[in-house]
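Undergrad: Got a structure here, written out as structure tokens. Questions coming.
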Amino acid sequence: MPDNIRDKVVVITGASSGIGAATARHLATLGATVVLGARRGEPLAQICRDITAAGGLAAWRQTDVTVPLQLQSLVDQAVQQFARVDVLVNNAGLMAIAPIEQARIEEWDRMIDINLKGVLYGVAAVLPHFTRQGSGHIINISSVCGSRVFTPGGCVYSGTKFAVNAISEGIREELAGRVRVTTILPGAVDTGLKYGSSDPASLAQVLDEYHQAIPAEHVAHAIAYALSQPAEMAVNELVLRPTVQAF
């Protein structure tokens, strides 16, 4: 149902590569206007050039999701440039796998700041606009590690994703009938996320697990599926895995 996506203004974080970039490109082909944020500006600029060259509408802003004002500026840009914002895709993430006994506190803080606080900052930025419009859609990218703790090494990462699931469900209940909420829980996806571990043994473990990864474009299509549903229906949760993935 691409007509349910056409002309929607979609803000996407972590959009310079991986799931974010694939989602931007795919939704643009379906007629959405995409507003992209990430820390790296040049990849965002190139994605926007590609989209506009193909006849689509796109804009970008360098954005660190750990800074609330930067996320607010990204959303405000969408509204100023395109008069509204219909969808937020909270996609930015960090997966720093390492045994808990290594106490990599800086990495724990970074995952909490990006994976959890970044989601909340994005929600805070869009909700006033959704309230004013009387509609909106929040899509939070979680993980299968948010329904089952990845061990060894993933308890903090899993903790952030369990929290994203809980926040998504709470928003759904509080704003039912006004804002749709979708949580996407991917398994192994071929993105840069797999390189987040600074512990060599954990990195090798993750890379071995990711030999079965599916392309980021598959997740983009799942996001489009959730967006394309009639306004009176919400797809609240989608779990995606490579067919051969057991975890």
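Here's how to read the names in the structure tokens: chain A, B, ... by the order shown, residue numbers from 1 in each chain, ligand numbers from 1 in the order shown.
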What lies within 9 Å of region 142-155 of chain A using only C-alpha atoms, ignoring chain neighbours under 6 positions off, as a JSON list (two decimals) with N, CA, C and O atoms, in the first residue's frame?
TA:
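And here's out-v5.json as it stands now:
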[["chain", "number", "residue", "atom", "x", "y", "z"],
["A", 91, "ASN", "N", 16.75, 4.86, 14.78],
["A", 91, "ASN", "CA", 17.57, 3.76, 14.28],
["A", 91, "ASN", "C", 19.01, 3.77, 14.81],
["A", 91, "ASN", "O", 19.65, 2.73, 14.84],
["A", 93, "GLY", "N", 22.34, 3.31, 16.70],
["A", 93, "GLY", "CA", 22.63, 2.31, 17.72],
["A", 93, "GLY", "C", 24.10, 1.96, 17.81],
["A", 93, "GLY", "O", 24.88, 2.21, 16.89],
["A", 95, "MET", "N", 26.49, -1.42, 19.35],
["A", 95, "MET", "CA", 26.55, -2.76, 19.95],
["A", 95, "MET", "C", 28.00, -3.05, 20.32],
["A", 95, "MET", "O", 28.79, -3.50, 19.49],
["A", 96, "ALA", "N", 28.35, -2.77, 21.58],
["A", 96, "ALA", "CA", 29.71, -3.00, 22.07],
["A", 96, "ALA", "C", 29.69, -4.22, 22.98],
["A", 96, "ALA", "O", 29.43, -4.11, 24.18],
["A", 97, "ILE", "N", 29.92, -5.38, 22.39],
["A", 97, "ILE", "CA", 29.86, -6.64, 23.12],
["A", 97, "ILE", "C", 31.19, -6.89, 23.83],
["A", 97, "ILE", "O", 32.26, -6.77, 23.22],
["A", 98, "ALA", "N", 31.11, -7.22, 25.11],
["A", 98, "ALA", "CA", 32.30, -7.57, 25.89],
["A", 98, "ALA", "C", 31.85, -8.19, 27.21],
["A", 98, "ALA", "O", 30.79, -7.82, 27.74],
["A", 99, "PRO", "N", 32.63, -9.11, 27.77],
["A", 99, "PRO", "CA", 32.25, -9.72, 29.05],
["A", 99, "PRO", "C", 32.06, -8.66, 30.13],
["A", 99, "PRO", "O", 32.82, -7.69, 30.21],
["A", 100, "ILE", "N", 31.05, -8.84, 30.96],
["A", 100, "ILE", "CA", 30.72, -7.86, 31.99],
["A", 100, "ILE", "C", 31.88, -7.64, 32.94],
["A", 100, "ILE", "O", 32.08, -6.53, 33.46],
["A", 115, "ASN", "N", 21.57, 4.12, 22.49],
["A", 115, "ASN", "CA", 20.48, 3.16, 22.28],
["A", 115, "ASN", "C", 19.22, 3.50, 23.05],
["A", 115, "ASN", "O", 18.12, 3.17, 22.61],
["A", 161, "LYS", "N", 18.21, -2.68, 24.89],
["A", 161, "LYS", "CA", 17.16, -3.05, 23.95],
["A", 161, "LYS", "C", 15.90, -3.53, 24.66],
["A", 161, "LYS", "O", 14.77, -3.28, 24.19],
["A", 162, "PHE", "N", 16.05, -4.23, 25.81],
["A", 162, "PHE", "CA", 14.88, -4.54, 26.63],
["A", 162, "PHE", "C", 14.18, -3.24, 27.02],
["A", 162, "PHE", "O", 12.95, -3.16, 27.02],
["A", 163, "ALA", "N", 14.96, -2.23, 27.38],
["A", 163, "ALA", "CA", 14.39, -0.95, 27.78],
["A", 163, "ALA", "C", 13.66, -0.28, 26.62],
["A", 163, "ALA", "O", 12.59, 0.31, 26.82],
["A", 164, "VAL", "N", 14.23, -0.34, 25.42],
["A", 164, "VAL", "CA", 13.55, 0.22, 24.25],
["A", 164, "VAL", "C", 12.19, -0.45, 24.05],
["A", 164, "VAL", "O", 11.19, 0.23, 23.76],
["A", 165, "ASN", "N", 12.15, -1.75, 24.22],
["A", 165, "ASN", "CA", 10.87, -2.46, 24.07],
["A", 165, "ASN", "C", 9.85, -1.98, 25.09],
["A", 165, "ASN", "O", 8.68, -1.76, 24.77],
["A", 183, "THR", "N", 7.80, -1.47, 17.07],
["A", 183, "THR", "CA", 9.14, -1.88, 17.49],
["A", 183, "THR", "C", 9.62, -2.97, 16.53],
["A", 183, "THR", "O", 8.94, -3.98, 16.33],
["A", 184, "ILE", "N", 10.78, -2.73, 15.92],
["A", 184, "ILE", "CA", 11.40, -3.70, 15.02],
["A", 184, "ILE", "C", 12.52, -4.41, 15.77],
["A", 184, "ILE", "O", 13.41, -3.75, 16.33],
["A", 185, "LEU", "N", 12.50, -5.74, 15.80],
["A", 185, "LEU", "CA", 13.51, -6.51, 16.51],
["A", 185, "LEU", "C", 14.27, -7.37, 15.49],
["A", 185, "LEU", "O", 13.91, -8.52, 15.23],
["A", 186, "PRO", "N", 15.33, -6.83, 14.90],
["A", 186, "PRO", "CA", 16.08, -7.61, 13.92],
["A", 186, "PRO", "C", 17.07, -8.57, 14.58],
["A", 186, "PRO", "O", 17.61, -8.29, 15.66],
["A", 187, "GLY", "N", 17.32, -9.66, 13.88],
["A", 187, "GLY", "CA", 18.45, -10.51, 14.21],
["A", 187, "GLY", "C", 19.69, -9.96, 13.51],
["A", 187, "GLY", "O", 19.87, -8.74, 13.40],
["A", 188, "ALA", "N", 20.52, -10.85, 13.00],
["A", 188, "ALA", "CA", 21.77, -10.43, 12.36],
["A", 188, "ALA", "C", 21.47, -9.73, 11.04],
["A", 188, "ALA", "O", 20.87, -10.31, 10.13],
["A", 202, "SER", "N", 35.47, -10.79, 21.65],
["A", 202, "SER", "CA", 34.04, -10.56, 21.44],
["A", 202, "SER", "C", 33.76, -10.16, 19.99],
["A", 202, "SER", "O", 32.77, -10.59, 19.40],
["A", 239, "VAL", "N", 9.47, -9.08, 14.48],
["A", 239, "VAL", "CA", 10.74, -9.77, 14.75],
["A", 239, "VAL", "C", 11.25, -10.33, 13.43],
["A", 239, "VAL", "O", 10.52, -11.05, 12.73],
["A", 240, "LEU", "N", 12.49, -9.99, 13.08],
["A", 240, "LEU", "CA", 13.07, -10.39, 11.79],
["A", 240, "LEU", "C", 14.39, -11.11, 12.05],
["A", 240, "LEU", "O", 15.23, -10.61, 12.79],
["A", 241, "ARG", "N", 14.56, -12.25, 11.42],
["A", 241, "ARG", "CA", 15.82, -12.97, 11.52],
["A", 241, "ARG", "C", 16.20, -13.56, 10.18],
["A", 241, "ARG", "O", 15.31, -13.85, 9.36],
["A", 247, "PHE", "N", 19.40, -18.01, 17.28],
["A", 247, "PHE", "CA", 19.27, -17.12, 18.44],
["A", 247, "PHE", "C", 18.09, -16.17, 18.26],
["A", 247, "PHE", "O", 17.96, -15.55, 17.21]]
Undergrad: If you take only C-alpha atoms and a cut-off of 8 Å, which residues of region 43-114 of chain A touch region 122-126 of chain A, and what are their nearest atom pairs and distances in Å to one decimal, in chain and number order, as CSV?
TA:
residue,atom,partner,partner_atom,distance
A:Val65,CA,A:Gly122,CA,7.6
A:Pro68,CA,A:Gly122,CA,7.8
A:Leu71,CA,A:Gly122,CA,6.1
A:Gln72,CA,A:Ala125,CA,5.0
A:Val75,CA,A:Ala125,CA,6.5
A:Val85,CA,A:Val126,CA,7.5
A:Leu88,CA,A:Val126,CA,7.3
A:Asn90,CA,A:Gly122,CA,6.9
Undergrad: Leaving out region 62-64 of chain A and any residue of its chain fewer than 6 positions from it, which residues lie within 6 Å of it when counting only C-alpha atoms, given as a list in words?
TA: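 Listing them by chain and then by number gives Gly37, Ala38, Arg39, Gly41 and Gln70 of chain A.
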Undergrad: Since we have the selection now, will you write its residues out, keeping N, CA, C and O atoms, as an mmCIF file, in the first residue's frame?
TA:
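So part.cif came out as:
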data_model
loop_
_atom_site.group_PDB
_atom_site.id
_atom_site.type_symbol
_atom_site.label_atom_id
_atom_site.label_comp_id
_atom_site.auth_asym_id
_atom_site.auth_seq_id
_atom_site.Cartn_x
_atom_site.Cartn_y
_atom_site.Cartn_z
ATOM 1 N N GLY A 37 19.401 12.107 9.683
ATOM 2 C CA GLY A 37 20.345 12.572 10.681
ATOM 3 C C GLY A 37 21.357 11.499 11.010
ATOM 4 O O GLY A 37 21.038 10.302 11.064
ATOM 5 N N ALA A 38 22.600 11.905 11.221
ATOM 6 C CA ALA A 38 23.684 11.026 11.666
ATOM 7 C C ALA A 38 24.876 11.906 12.003
ATOM 8 O O ALA A 38 24.906 13.092 11.660
ATOM 9 N N ARG A 39 25.878 11.321 12.634
ATOM 10 C CA ARG A 39 27.062 12.108 12.985
ATOM 11 C C ARG A 39 27.917 12.417 11.765
ATOM 12 O O ARG A 39 28.604 13.426 11.723
ATOM 13 N N GLY A 41 28.373 13.641 8.137
ATOM 14 C CA GLY A 41 27.609 14.454 7.211
ATOM 15 C C GLY A 41 27.733 14.061 5.759
ATOM 16 O O GLY A 41 26.728 14.054 5.026
ATOM 17 N N GLN A 70 20.327 18.665 19.314
ATOM 18 C CA GLN A 70 20.595 18.301 17.923
ATOM 19 C C GLN A 70 19.440 17.493 17.335
ATOM 20 O O GLN A 70 19.076 17.678 16.169
#
Undergrad: Check region 103-159 of chain A with DSSP on the backbone and list each residue it calls strand (DSSP E), as a VMD selection string.
TA: chain A and resid 137 to 141
Undergrad: Go through A:Leu193, A:Ile51, A:Val119, A:Ala103 and flag the residue nearest Thr66 (chain A), using only C-alpha atoms for the distances.
TA: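 Of the candidates, the smallest distance to Thr66 (chain A) is held by A:Val119.
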Undergrad: Any idea what the distance is between CA of Thr13 (chain A) and CA of Thr52 (chain A)?
TA: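 So the two atoms, CA of Thr13 (chain A) and CA of Thr52 (chain A), lie 18.9 Å apart.
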Undergrad: Could you find all residues in region 4-227 of chain A that DSSP calls helix (DSSP H, G or I) from the backbone, and write them as a VMD selection string?
TA: chain A and resid 4 18 to 29 41 to 53 68 to 82 100 to 102 105 to 133 144 to 146 155 to 174 192 to 195 200 to 212 216 to 227
Undergrad: Excluding Ala176 (chain A) and residues on its chain fewer than 6 positions from it, collect all residues at most 12 Å away from it, counting only C-alpha atoms, and give them as a list in words.
TA: Gly134, Ser135, Gly136, His137, Ser168, Glu169, Gly170, Glu232, Met233, Ala234 and Asn236 of chain A
Undergrad: Would you work out the distance separating CA of His211 (chain A) from CA of Thr191 (chain A), expressed in Å to one decimal?
TA: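 Here the two named atoms are 11.5 Å from each other.
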Undergrad: My list of candidates is A:Ile19, A:Ala58, A:Leu127, A:Ala224. Which is closest to Leu175 (chain A) when distances are computed with only C-alpha atoms?
TA: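 Using only C-alpha atoms, Leu175 (chain A) sits closest to A:Leu127.
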Undergrad: I need the residue nearest Ser228 (chain A) from this list: A:Leu36, A:Val87, A:Ala213, A:Cys48. Use only C-alpha atoms for the distance.
TA: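 Result for the nearest residue to Ser228 (chain A): A:Val87.
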Undergrad: What's around Thr23 (chain A) at 9 Å? Count only C-alpha atoms, leave out sequence neighbours fewer than 4 positions away in its own chain, and write the answer as a PyMOL selection string.
TA: chain A and resi 12+15+18-19+27-28+216-217+219-221+223-224
Undergrad: Counting only C-alpha atoms, figure out which residue out of A:Asp109, A:Glu209, A:Asp76, A:Asp3 gets nearest to Val35 (chain A).
TA: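 Closest candidate: A:Asp76.
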Undergrad: Which residue out of A:Ala22, A:Ala83, A:Leu69, A:Ala231 has the minimum interatomic distance to Val189 (chain A) when only C-alpha atoms are used?
TA: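 So, comparing all the options, the nearest one is A:Ala22.
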Undergrad: Expressed in Å to a single decimal, how great is the separation between CA of Asp86 (chain A) and CA of Ile214 (chain A)?
TA: 27.9 Å
Undergrad: I'd like to know which of A:Arg172, A:Asp190, A:Gln212, A:Asp199 is closest to Glu237 (chain A), using only C-alpha atoms.
TA: A:Arg172
